[in-house]
$ cat run_4.csv   # CSV, C-alpha atoms and all ligand atoms
chain,number,residue,atom,x,y,z
A,245,MET,CA,9.8,2.0,28.8
A,246,THR,CA,9.4,0.9,25.2
A,247,ARG,CA,6.0,-0.6,24.5
A,248,SER,CA,7.0,-1.3,21.0
A,249,PHE,CA,9.3,-0.1,18.4
A,250,LEU,CA,6.8,1.6,16.1
A,251,SER,CA,3.4,2.3,17.5
A,252,ILE,CA,0.5,3.4,15.4
A,253,ARG,CA,-2.2,4.5,17.8
A,254,ALA,CA,-5.8,5.0,16.8
A,255,VAL,CA,-4.8,6.8,13.5
A,256,ARG,CA,-7.7,8.2,11.8
A,257,LYS,CA,-7.8,10.1,8.5
A,258,THR,CA,-10.7,12.0,7.1
A,259,PHE,CA,-11.1,13.8,3.8
A,260,GLY,CA,-14.1,16.1,4.4
A,261,ALA,CA,-16.9,13.8,5.6
A,262,PHE,CA,-15.2,10.7,4.2
A,263,VAL,CA,-13.3,8.5,6.7
A,264,ALA,CA,-10.4,6.9,4.8
A,265,VAL,CA,-8.8,5.4,7.9
A,266,HIS,CA,-10.8,4.5,11.0
A,267,ASP,CA,-8.7,4.5,14.2
A,268,VAL,CA,-6.0,2.0,13.1
A,269,THR,CA,-3.8,0.7,15.9
A,270,ILE,CA,-0.8,-1.5,15.2
A,271,ASP,CA,2.3,-2.2,17.3
A,272,VAL,CA,5.3,-3.1,15.2
A,273,PRO,CA,8.3,-4.8,16.8
A,274,LYS,CA,11.8,-3.9,15.7
A,275,GLY,CA,12.9,-5.8,12.6
A,276,GLU,CA,9.4,-7.0,11.6
A,277,PHE,CA,8.3,-7.2,8.0
A,278,LEU,CA,4.7,-6.1,8.2
A,279,THR,CA,2.6,-5.9,5.1
A,280,PHE,CA,-0.6,-3.8,4.5
A,281,LEU,CA,-2.7,-5.9,2.2
A,282,GLY,CA,-6.2,-5.1,1.0
A,283,PRO,CA,-8.4,-4.0,-1.9
A,284,SER,CA,-7.9,-0.7,-3.7
A,285,GLY,CA,-9.1,2.3,-1.6
A,286,SER,CA,-9.0,0.4,1.7
A,287,GLY,CA,-6.6,2.9,3.3
A,288,LYS,CA,-3.2,1.2,3.0
A,289,SER,CA,-1.3,4.2,1.5
A,290,THR,CA,-3.1,6.7,3.7
A,291,THR,CA,-1.9,4.8,6.8
A,292,LEU,CA,1.6,4.6,5.4
A,293,TYR,CA,1.6,8.3,4.6
A,294,ALA,CA,0.7,9.1,8.2
A,295,ILE,CA,3.8,7.2,9.3
A,296,ALA,CA,6.0,8.9,6.6
A,297,GLY,CA,4.7,12.3,7.5
A,298,PHE,CA,3.3,13.1,4.1
A,299,GLN,CA,-0.2,13.6,5.5
A,300,ASP,CA,-1.0,14.4,9.2
A,301,PRO,CA,-3.6,12.1,10.7
A,302,SER,CA,-6.9,13.7,11.7
A,303,SER,CA,-6.4,12.1,15.1
A,304,GLY,CA,-4.3,9.5,16.7
A,305,ASP,CA,-0.5,9.3,17.0
A,306,VAL,CA,2.5,7.6,15.5
A,307,LEU,CA,5.3,6.8,18.0
A,308,LEU,CA,8.8,5.6,17.3
A,309,GLU,CA,10.4,4.2,20.5
A,310,ASP,CA,7.8,6.0,22.5
A,311,ARG,CA,8.4,9.4,20.9
A,312,SER,CA,5.6,11.0,18.8
A,313,LEU,CA,6.6,11.6,15.2
A,314,LEU,CA,3.8,14.0,14.5
A,315,SER,CA,5.7,17.1,15.2
A,316,VAL,CA,8.8,15.9,13.2
A,317,PRO,CA,8.7,17.0,9.6
A,318,SER,CA,8.7,14.2,7.0
A,319,HIS,CA,12.4,14.7,5.9
A,320,LYS,CA,13.6,14.5,9.5
A,321,ARG,CA,11.8,11.3,10.4
A,322,ASN,CA,14.7,9.2,9.2
A,323,ILE,CA,12.4,6.8,7.4
A,324,GLY,CA,13.4,5.3,4.0
A,325,MET,CA,10.8,5.2,1.3
A,326,VAL,CA,10.3,3.3,-2.0
A,327,PHE,CA,7.3,3.9,-4.2
A,328,GLN,CA,5.5,2.3,-7.0
A,329,ARG,CA,6.7,4.8,-9.7
A,330,TYR,CA,10.4,5.1,-10.2
A,331,THR,CA,11.4,8.2,-8.4
A,332,LEU,CA,15.1,8.3,-9.2
A,333,PHE,CA,16.7,11.5,-10.3
A,334,PRO,CA,17.1,11.1,-14.1
A,335,HIS,CA,20.0,13.4,-14.5
A,336,LEU,CA,22.1,11.6,-11.8
A,337,SER,CA,24.0,8.4,-12.2
A,338,VAL,CA,23.1,5.3,-10.2
A,339,ALA,CA,25.9,6.0,-7.8
A,340,GLU,CA,24.9,9.6,-7.4
A,341,ASN,CA,21.3,8.6,-6.8
A,342,VAL,CA,22.3,6.3,-4.0
A,343,ALA,CA,24.7,8.9,-2.6
A,344,PHE,CA,22.1,11.6,-2.6
A,345,PRO,CA,20.6,11.1,0.9
A,346,LEU,CA,24.1,10.9,2.4
A,347,ARG,CA,25.2,14.1,0.6
A,348,VAL,CA,22.1,15.8,2.0
A,349,ARG,CA,23.2,14.7,5.5
A,350,ARG,CA,26.7,16.0,4.8
A,351,ARG,CA,28.5,12.7,5.4
A,352,PRO,CA,32.2,12.7,4.6
A,353,ASP,CA,33.3,11.7,1.1
A,354,ALA,CA,35.0,8.5,2.1
A,355,GLU,CA,31.9,7.3,4.0
A,356,VAL,CA,29.7,8.2,1.0
A,357,LYS,CA,31.9,6.2,-1.3
A,358,ARG,CA,32.1,3.2,0.9
A,359,LYS,CA,28.3,3.2,1.6
A,360,VAL,CA,27.4,3.6,-2.1
A,361,ALA,CA,29.6,0.6,-2.9
A,362,ASP,CA,28.0,-1.4,-0.1
A,363,MET,CA,24.5,-0.6,-1.2
A,364,LEU,CA,25.1,-1.3,-4.8
A,365,ALA,CA,26.6,-4.7,-3.8
A,366,LEU,CA,23.5,-5.3,-1.6
A,367,VAL,CA,21.1,-4.8,-4.5
A,368,ARG,CA,23.6,-6.5,-6.9
A,369,LEU,CA,24.2,-3.5,-9.2
A,370,GLU,CA,27.9,-3.1,-8.6
A,371,ASN,CA,28.5,-2.9,-12.4
A,372,PHE,CA,25.9,-0.2,-13.0
A,373,ALA,CA,27.3,2.6,-10.9
A,374,ASP,CA,27.9,5.0,-13.8
A,375,ARG,CA,24.7,4.4,-15.7
A,376,HIS,CA,21.8,6.8,-15.7
A,377,PRO,CA,18.3,5.6,-14.7
A,378,GLY,CA,17.0,6.0,-18.3
A,379,ALA,CA,19.4,3.2,-19.3
A,380,LEU,CA,18.1,0.7,-16.7
A,381,SER,CA,15.2,-1.8,-16.7
A,382,GLY,CA,12.2,-1.2,-14.4
A,383,GLY,CA,13.5,-3.8,-12.0
A,384,GLN,CA,17.0,-2.4,-11.9
A,385,GLN,CA,15.5,1.1,-11.2
A,386,GLN,CA,13.6,-0.2,-8.3
A,387,ARG,CA,16.7,-1.8,-6.9
A,388,VAL,CA,18.5,1.5,-7.1
A,389,ALA,CA,15.5,3.1,-5.3
A,390,LEU,CA,15.9,0.4,-2.7
A,391,ALA,CA,19.6,1.0,-2.3
A,392,ARG,CA,19.0,4.8,-2.0
A,393,ALA,CA,16.4,4.3,0.6
A,394,LEU,CA,18.7,2.1,2.7
A,395,ALA,CA,21.9,4.1,2.2
A,396,TYR,CA,21.6,6.1,5.4
A,397,ASP,CA,20.6,3.1,7.6
A,398,PRO,CA,17.1,4.2,8.3
A,399,PRO,CA,15.5,2.2,11.1
A,400,ILE,CA,12.3,1.9,9.1
A,401,LEU,CA,11.7,1.4,5.4
A,402,LEU,CA,8.3,2.1,3.9
A,403,MET,CA,7.4,0.6,0.6
A,404,ASP,CA,4.2,1.4,-1.3
A,405,GLU,CA,3.6,-1.2,-4.1
A,406,PRO,CA,7.2,-1.0,-5.2
A,407,LEU,CA,6.9,-3.9,-7.6
A,408,SER,CA,3.5,-3.3,-9.1
A,409,ALA,CA,4.9,-1.9,-12.4
A,410,LEU,CA,7.1,-4.9,-13.0
A,411,ASP,CA,6.2,-8.2,-14.8
A,412,LYS,CA,5.6,-11.3,-12.8
A,413,LYS,CA,9.0,-12.9,-13.2
A,414,LEU,CA,10.9,-9.7,-12.3
A,415,ARG,CA,8.6,-9.2,-9.4
A,416,GLN,CA,9.4,-12.6,-7.9
A,417,GLU,CA,13.1,-12.0,-8.4
A,418,ILE,CA,13.0,-8.7,-6.6
A,419,GLN,CA,10.8,-10.2,-3.8
A,420,ALA,CA,13.6,-12.6,-3.1
A,421,GLU,CA,16.1,-9.7,-3.1
A,422,ILE,CA,13.9,-7.8,-0.6
A,423,ARG,CA,13.6,-10.8,1.6
A,424,ARG,CA,17.4,-11.3,1.6
A,425,ILE,CA,18.0,-7.6,2.3
A,426,HIS,CA,15.5,-7.6,5.2
A,427,ARG,CA,17.3,-10.7,6.6
A,428,GLU,CA,20.8,-9.1,6.1
A,429,THR,CA,20.0,-5.6,7.4
A,430,GLY,CA,17.4,-6.3,10.1
A,431,VAL,CA,15.5,-3.1,9.0
A,432,THR,CA,11.9,-2.8,10.0
A,433,ILE,CA,9.8,-2.8,6.8
A,434,LEU,CA,6.2,-1.7,6.3
A,435,TYR,CA,5.2,-2.8,2.9
A,436,VAL,CA,2.0,-2.1,0.9
A,437,THR,CA,0.6,-4.4,-1.7
A,438,HIS,CA,-2.8,-5.7,-3.0
A,439,ASP,CA,-1.2,-8.9,-4.2
A,440,GLN,CA,-1.9,-11.6,-1.6
A,441,GLU,CA,0.9,-14.0,-2.9
A,442,GLU,CA,3.4,-11.2,-2.5
A,443,ALA,CA,2.2,-10.5,1.0
A,444,LEU,CA,2.4,-14.2,1.9
A,445,HIS,CA,5.9,-14.5,0.4
A,446,LEU,CA,7.4,-11.5,2.1
A,447,SER,CA,5.8,-10.8,5.5
A,448,ASP,CA,6.2,-11.8,9.1
A,449,ARG,CA,2.7,-10.4,9.6
A,450,ILE,CA,0.0,-9.2,7.3
A,451,ALA,CA,-2.6,-6.5,8.2
A,452,LEU,CA,-5.6,-7.0,6.0
A,453,PHE,CA,-7.3,-3.7,5.4
A,454,ARG,CA,-11.0,-3.3,4.5
A,455,GLU,CA,-12.7,0.0,4.1
A,456,GLY,CA,-10.2,1.9,6.3
A,457,ARG,CA,-10.1,-0.7,9.1
A,458,ILE,CA,-7.9,-3.7,9.8
A,459,GLU,CA,-10.1,-6.7,9.3
A,460,GLN,CA,-7.4,-9.1,10.7
A,461,ILE,CA,-3.7,-8.9,11.5
A,462,GLY,CA,-1.5,-12.0,11.9
A,463,THR,CA,0.9,-14.3,10.2
A,464,GLY,CA,0.1,-15.6,6.7
A,465,GLU,CA,-0.8,-18.9,8.3
A,466,ASP,CA,-3.1,-17.2,10.8
A,467,LEU,CA,-5.0,-15.5,8.0
A,468,TYR,CA,-5.1,-18.5,5.8
A,469,LEU,CA,-5.8,-21.2,8.3
A,470,ARG,CA,-7.8,-19.2,10.9
A,471,PRO,CA,-9.5,-16.4,8.9
A,472,ALA,CA,-11.6,-14.2,11.2
A,473,SER,CA,-14.2,-13.5,8.6
A,474,GLU,CA,-15.5,-14.5,5.2
A,475,PHE,CA,-13.8,-11.4,3.8
A,476,VAL,CA,-10.4,-12.6,5.0
A,477,ALA,CA,-11.1,-16.2,3.8
A,478,GLY,CA,-12.0,-14.8,0.4
A,479,PHE,CA,-9.1,-12.5,0.1
A,480,ILE,CA,-6.3,-14.8,1.2
A,481,GLY,CA,-6.0,-17.9,-1.0
A,482,ASN,CA,-8.8,-19.6,-2.9
A,483,SER,CA,-11.9,-20.6,-1.2
A,484,ASN,CA,-15.2,-22.4,-1.9
A,485,PHE,CA,-18.3,-21.1,-0.2
A,486,LEU,CA,-21.3,-23.3,0.3
A,487,ALA,CA,-24.7,-22.2,1.4
A,488,ALA,CA,-25.5,-23.7,4.8
A,489,GLU,CA,-28.0,-23.6,7.7
A,490,HIS,CA,-26.7,-23.6,11.2
A,491,LEU,CA,-28.3,-26.2,13.5
A,492,GLU,CA,-26.2,-26.1,16.7
A,493,THR,CA,-22.8,-25.4,18.1
A,494,ALA,CA,-21.0,-27.1,21.0
A,495,GLY,CA,-17.4,-26.5,22.0
A,496,GLY,CA,-16.5,-24.5,18.9
A,497,ALA,CA,-17.8,-27.3,16.6
A,498,ALA,CA,-20.9,-26.6,14.6
A,499,THR,CA,-23.5,-28.9,13.1
A,500,ILE,CA,-24.9,-27.6,9.8
A,501,ARG,CA,-27.2,-28.6,7.0
A,502,LEU,CA,-26.1,-28.0,3.4
A,503,ALA,CA,-28.3,-27.1,0.5
A,504,ASP,CA,-28.6,-30.8,-0.6
A,505,GLY,CA,-30.0,-31.6,2.9
A,506,SER,CA,-26.9,-33.4,4.1
A,507,ILE,CA,-25.8,-32.8,7.7
A,508,VAL,CA,-22.2,-32.0,8.5
A,509,LYS,CA,-20.9,-32.2,12.0
A,510,GLY,CA,-17.7,-30.8,13.6
A,511,VAL,CA,-17.3,-27.6,11.5
A,512,LYS,CA,-14.8,-25.2,13.1
A,513,THR,CA,-16.2,-21.8,14.0
A,514,THR,CA,-15.3,-18.9,16.3
A,515,GLN,CA,-18.6,-17.1,16.0
A,516,ALA,CA,-22.0,-17.5,17.7
A,517,PHE,CA,-24.9,-18.6,15.5
A,518,ASP,CA,-28.6,-19.0,16.1
A,519,ARG,CA,-30.4,-22.2,15.3
A,520,GLY,CA,-31.6,-22.0,11.7
A,521,GLN,CA,-29.3,-19.0,10.9
A,522,LYS,CA,-28.2,-18.9,7.3
A,523,ALA,CA,-24.4,-19.4,7.1
A,524,ARG,CA,-21.7,-20.0,4.6
A,525,LEU,CA,-19.3,-22.9,4.8
A,526,MET,CA,-15.8,-22.3,3.5
A,527,VAL,CA,-13.7,-25.2,2.2
A,528,ARG,CA,-10.2,-24.5,0.7
A,529,PRO,CA,-9.7,-26.2,-2.7
A,530,GLU,CA,-6.8,-28.3,-1.4
A,531,ALA,CA,-8.9,-29.5,1.6
A,532,PHE,CA,-11.0,-31.7,-0.7
A,533,ARG,CA,-10.2,-35.4,-1.1
A,534,LEU,CA,-11.3,-37.8,-3.7
A,535,THR,CA,-11.3,-40.7,-1.2
A,536,PRO,CA,-12.9,-40.6,2.3
A,537,GLY,CA,-10.8,-40.2,5.4
A,538,PRO,CA,-11.8,-41.2,9.0
A,539,ALA,CA,-13.8,-38.1,9.8
A,540,SER,CA,-14.9,-37.0,6.3
A,541,ALA,CA,-18.0,-35.2,5.4
A,542,GLU,CA,-19.1,-35.9,1.8
A,543,LEU,CA,-20.7,-34.0,-1.0
A,544,ALA,CA,-22.5,-35.4,-4.0
A,545,VAL,CA,-21.0,-33.7,-7.0
A,546,GLU,CA,-21.0,-33.7,-10.8
A,547,PHE,CA,-17.6,-33.5,-12.5
A,548,ILE,CA,-17.3,-30.5,-14.8
A,549,ASP,CA,-13.7,-30.1,-15.9
A,550,ALA,CA,-10.1,-30.9,-15.0
A,551,ALA,CA,-6.8,-29.3,-15.8
A,552,PHE,CA,-3.3,-30.4,-15.1
A,553,PHE,CA,-0.7,-27.8,-13.9
A,554,GLY,CA,2.3,-30.0,-13.3
A,555,ASP,CA,2.6,-29.7,-9.6
A,556,ARG,CA,-1.2,-29.9,-9.1
A,557,ARG,CA,-4.4,-30.6,-10.7
A,558,ARG,CA,-7.5,-28.4,-10.7
A,559,VAL,CA,-10.9,-30.0,-10.9
A,560,VAL,CA,-14.1,-28.1,-11.3
A,561,MET,CA,-17.1,-29.9,-9.8
A,562,ARG,CA,-20.7,-28.8,-9.2
A,563,THR,CA,-22.8,-29.6,-6.1
A,564,ALA,CA,-26.4,-30.8,-6.3
A,565,GLY,CA,-27.3,-27.3,-5.3
A,566,GLY,CA,-25.6,-25.9,-8.4
A,567,GLU,CA,-22.5,-24.4,-6.6
A,568,GLU,CA,-19.3,-24.7,-8.6
A,569,LEU,CA,-16.4,-26.0,-6.6
A,570,ASP,CA,-12.7,-25.4,-7.2
A,571,VAL,CA,-11.1,-28.6,-6.1
A,572,ARG,CA,-7.3,-29.1,-6.0
A,573,PRO,CA,-6.7,-32.4,-4.5
A,574,THR,CA,-3.2,-33.1,-3.5
A,575,SER,CA,-1.2,-36.2,-4.4
A,576,ASP,CA,-3.8,-38.7,-3.2
A,577,ALA,CA,-5.6,-37.8,-6.3
A,578,ALA,CA,-4.8,-38.9,-9.7
A,579,GLU,CA,-7.9,-39.6,-11.6
A,580,PRO,CA,-11.0,-37.8,-12.4
A,581,HIS,CA,-11.8,-39.4,-15.7
A,582,GLY,CA,-14.3,-37.9,-18.1
A,583,PRO,CA,-17.4,-36.1,-17.0
A,584,ASP,CA,-19.8,-38.2,-15.0
A,585,SER,CA,-22.3,-37.6,-12.3
A,586,GLY,CA,-23.0,-39.5,-9.1
A,587,ARG,CA,-19.5,-38.8,-7.8
A,588,ARG,CA,-18.7,-37.9,-4.2
A,589,ILE,CA,-15.9,-35.8,-2.8
A,590,PHE,CA,-14.8,-35.5,0.8
A,591,PHE,CA,-13.5,-33.0,3.2
A,592,ASP,CA,-12.6,-32.9,6.9
A,593,PRO,CA,-15.1,-30.6,8.6
A,594,ALA,CA,-12.4,-29.6,11.1
A,595,VAL,CA,-10.5,-27.7,8.4
A,596,ALA,CA,-13.6,-26.0,7.0
A,597,PHE,CA,-15.0,-22.8,8.5
A,598,LEU,CA,-18.4,-21.4,9.1
A,599,PHE,CA,-19.2,-17.8,8.6
A,600,PRO,CA,-22.5,-15.8,8.9
A,601,ALA,CA,-24.2,-15.4,5.5
B,701,LIG,N1,-6.2,13.5,-0.8
B,701,LIG,C1,-7.4,12.7,-0.8
B,701,LIG,N2,-8.6,13.4,-0.8
B,701,LIG,C2,-9.7,12.7,-0.8
B,701,LIG,N3,-9.8,11.3,-0.7
B,701,LIG,C3,-8.6,10.7,-0.6
B,701,LIG,C4,-7.4,11.3,-0.6
B,701,LIG,N4,-6.4,10.4,-0.5
B,701,LIG,C5,-7.0,9.2,-0.4
B,701,LIG,N5,-8.4,9.4,-0.4
B,701,LIG,C6,-9.4,8.3,-0.4
B,701,LIG,O1,-9.1,7.5,0.8
B,701,LIG,C7,-9.4,6.1,0.5
B,701,LIG,C8,-8.1,5.3,0.9
B,701,LIG,O2,-7.1,5.6,-0.1
B,701,LIG,P1,-5.7,4.9,-0.1
B,701,LIG,O3,-4.9,5.6,-1.1
B,701,LIG,O4,-5.2,4.9,1.3
B,701,LIG,O5,-6.1,3.5,-0.6
B,701,LIG,P2,-5.2,2.2,-0.9
B,701,LIG,O6,-5.6,1.1,0.0
B,701,LIG,O7,-3.8,2.6,-0.8
B,701,LIG,O8,-5.6,1.8,-2.3
B,701,LIG,P3,-4.7,1.4,-3.6
B,701,LIG,O9,-4.5,-0.1,-3.5
B,701,LIG,O10,-5.7,1.7,-4.8
B,701,LIG,O11,-3.5,2.2,-3.7
B,701,LIG,C9,-9.8,6.0,-0.9
B,701,LIG,O12,-11.2,6.0,-1.0
B,701,LIG,C10,-9.3,7.3,-1.5
B,701,LIG,O13,-10.1,7.8,-2.6
B,702,MG,MG,-2.3,2.8,-2.3
$ encode --input "run_4.csv" --output "structure tokens"
Amino acid sequence: MTRSFLSIRAVRKTFGAFVAVHDVTIDVPKGEFLTFLGPSGSGKSTTLYAIAGFQDPSSGDVLLEDRSLLSVPSHKRNIGMVFQRYTLFPHLSVAENVAFPLRVRRRPDAEVKRKVADMLALVRLENFADRHPGALSGGQQQRVALARALAYDPPILLMDEPLSALDKKLRQEIQAEIRRIHRETGVTILYVTHDQEEALHLSDRIALFREGRIEQIGTGEDLYLRPASEFVAGFIGNSNFLAAEHLETAGGAATIRLADGSIVKGVKTTQAFDRGQKARLMVRPEAFRLTPGPASAELAVEFIDAAFFGDRRRVVMRTAGGEELDVRPTSDAAEPHGPDSGRRIFFDPAVAFLFPA
């Protein structure tokens, strides 16, 4: 019986005494777009390479439809791959590059021709079939790499920072292409990036890596709205952290004291705190309001600066305790006039989080 399509079971990778990946376990359903997100050196590529077969794990297993891949050599794993650096064959035309994996598999000419045409249409490069990679832009080269990786219908596509060499606009354009291709082909994609916006844009789920372990895995919404730790809260989206002291918790709602002495009740938390324990309160920039709501907590702040970005406004404020706040009030908020003190801003404690300090 199939437990899951792709199963990464307690994969561990050591280099000498250094543990690069600590017993990572993930079950990937067929057709999922799963992204490995995390800081540099957190083990994303190493985990991907264990799946690709470039590096054997020190222990653990990788199963595809319940069969271990470990004894299968990399080139027989039937896994498509796209990497950060363009890896096209410079002496072959675009069409020949895309045809290459099919030629290796000795597919008949007619099939190769049809498949190359389909793939070039998929990545919208029909008119570039006869060019050589040297005469293509970076983004076009990555689209050829994508077409080549998908040409033999691999059930799994691995992508390691495929867009990191491109400028922002091109990156966003190809992100949209990758989403469309995922939708149209149903291929299971494991994608590596350290760009949280890219991860949020593309993924069904995100595995957030930290020092060789998965800190949290879930949808973008899970990680953003229900971060399991301060690390997750700080990595996904923007956050403000305020020093706090925990007083008591009842039914998942904590009462805390902030640095200015004010008491805030009803803060969401999933962790156990002692009375008097030092903690950090996280409030998202957009969770602040300039006018009080029914259950608002309030902070005395000093206005520092404001900038207008068209679709939003960014206001910098400072608490009485000297903590700078990134405040991005939504449409209820026009004003802040010039610098002044004695202002108050408001937030709903139920959308703030408490973490151990
Ligand atoms: N062949 C190797 N020998 C020794 N250490 C290695 C080797 N490959 C990776 N490492 C180490 O393992 C850790 C994880 O590396 P990995 O390449 O998986 O990180 P990453 O999350 O992909 O980072 P980046 O975002 O910078 O690509 C790093 O500390 C790295 O230095
Ligand atoms: Mg890497």
$ atom_distance --input "run_4.csv" --atom1 "CA of Pro398 in chain A" --atom2 "CA of Leu250 in chain A"
13.2 Å
$ residues_around --input "run_4.csv" --residues "range 474-481 of chain A" --least-positions-apart "5" --cutoff "9 Å" --atoms "all atoms listed in the file" --output "VMD selection string"
chain A and resid 282 to 283 440 to 441 444 452 454 459 to 460 464 467 to 469 524 526 528 597 to 601
$ residues_near_ligand --input "run_4.csv" --ligand "ligand MG 702 (chain B)" --cutoff "9 Å" --atoms "only C-alpha atoms and all ligand atoms" --output "ChimeraX atom specification"
/A:284-290,292,404-405,436-438
$ write_last_selection --input "run_4.csv" --atoms "C-alpha atoms" --output "PDB file, in the frame of the given file"
ATOM      1  CA  SER A 284      -7.900  -0.700  -3.700  1.00  0.00           C
ATOM      2  CA  GLY A 285      -9.100   2.300  -1.600  1.00  0.00           C
ATOM      3  CA  SER A 286      -9.000   0.400   1.700  1.00  0.00           C
ATOM      4  CA  GLY A 287      -6.600   2.900   3.300  1.00  0.00           C
ATOM      5  CA  LYS A 288      -3.200   1.200   3.000  1.00  0.00           C
ATOM      6  CA  SER A 289      -1.300   4.200   1.500  1.00  0.00           C
ATOM      7  CA  THR A 290      -3.100   6.700   3.700  1.00  0.00           C
ATOM      8  CA  LEU A 292       1.600   4.600   5.400  1.00  0.00           C
ATOM      9  CA  ASP A 404       4.200   1.400  -1.300  1.00  0.00           C
ATOM     10  CA  GLU A 405       3.600  -1.200  -4.100  1.00  0.00           C
ATOM     11  CA  VAL A 436       2.000  -2.100   0.900  1.00  0.00           C
ATOM     12  CA  THR A 437       0.600  -4.400  -1.700  1.00  0.00           C
ATOM     13  CA  HIS A 438      -2.800  -5.700  -3.000  1.00  0.00           C
TER      14      HIS A 438
END
$ atom_distance --input "run_4.csv" --atom1 "CA of Leu401 in chain A" --atom2 "CA of Ile323 in chain A"
5.8 Å
$ closest_residue --input "run_4.csv" --among "A:Asp439, A:Asp518, A:Glu421, A:Asp555" --to "ligand LIG 701 (chain B)" --atoms "only C-alpha atoms and all ligand atoms"
A:Asp439
$ closest_residue --input "run_4.csv" --among "A:Glu417, A:Asp411, A:Asp353, A:Asp300" --to "ligand LIG 701 (chain B)" --atoms "all atoms listed in the file"
A:Asp300
$ closest_residue --input "run_4.csv" --among "A:Ile400, A:Leu486, A:Ala541, A:Ile500" --to "Leu525 in chain A" --atoms "only C-alpha atoms"
A:Leu486
$ atom_distance --input "run_4.csv" --atom1 "CA of Phe262 in chain A" --atom2 "atom C5 of ligand LIG 701 (chain B)"
9.5 Å
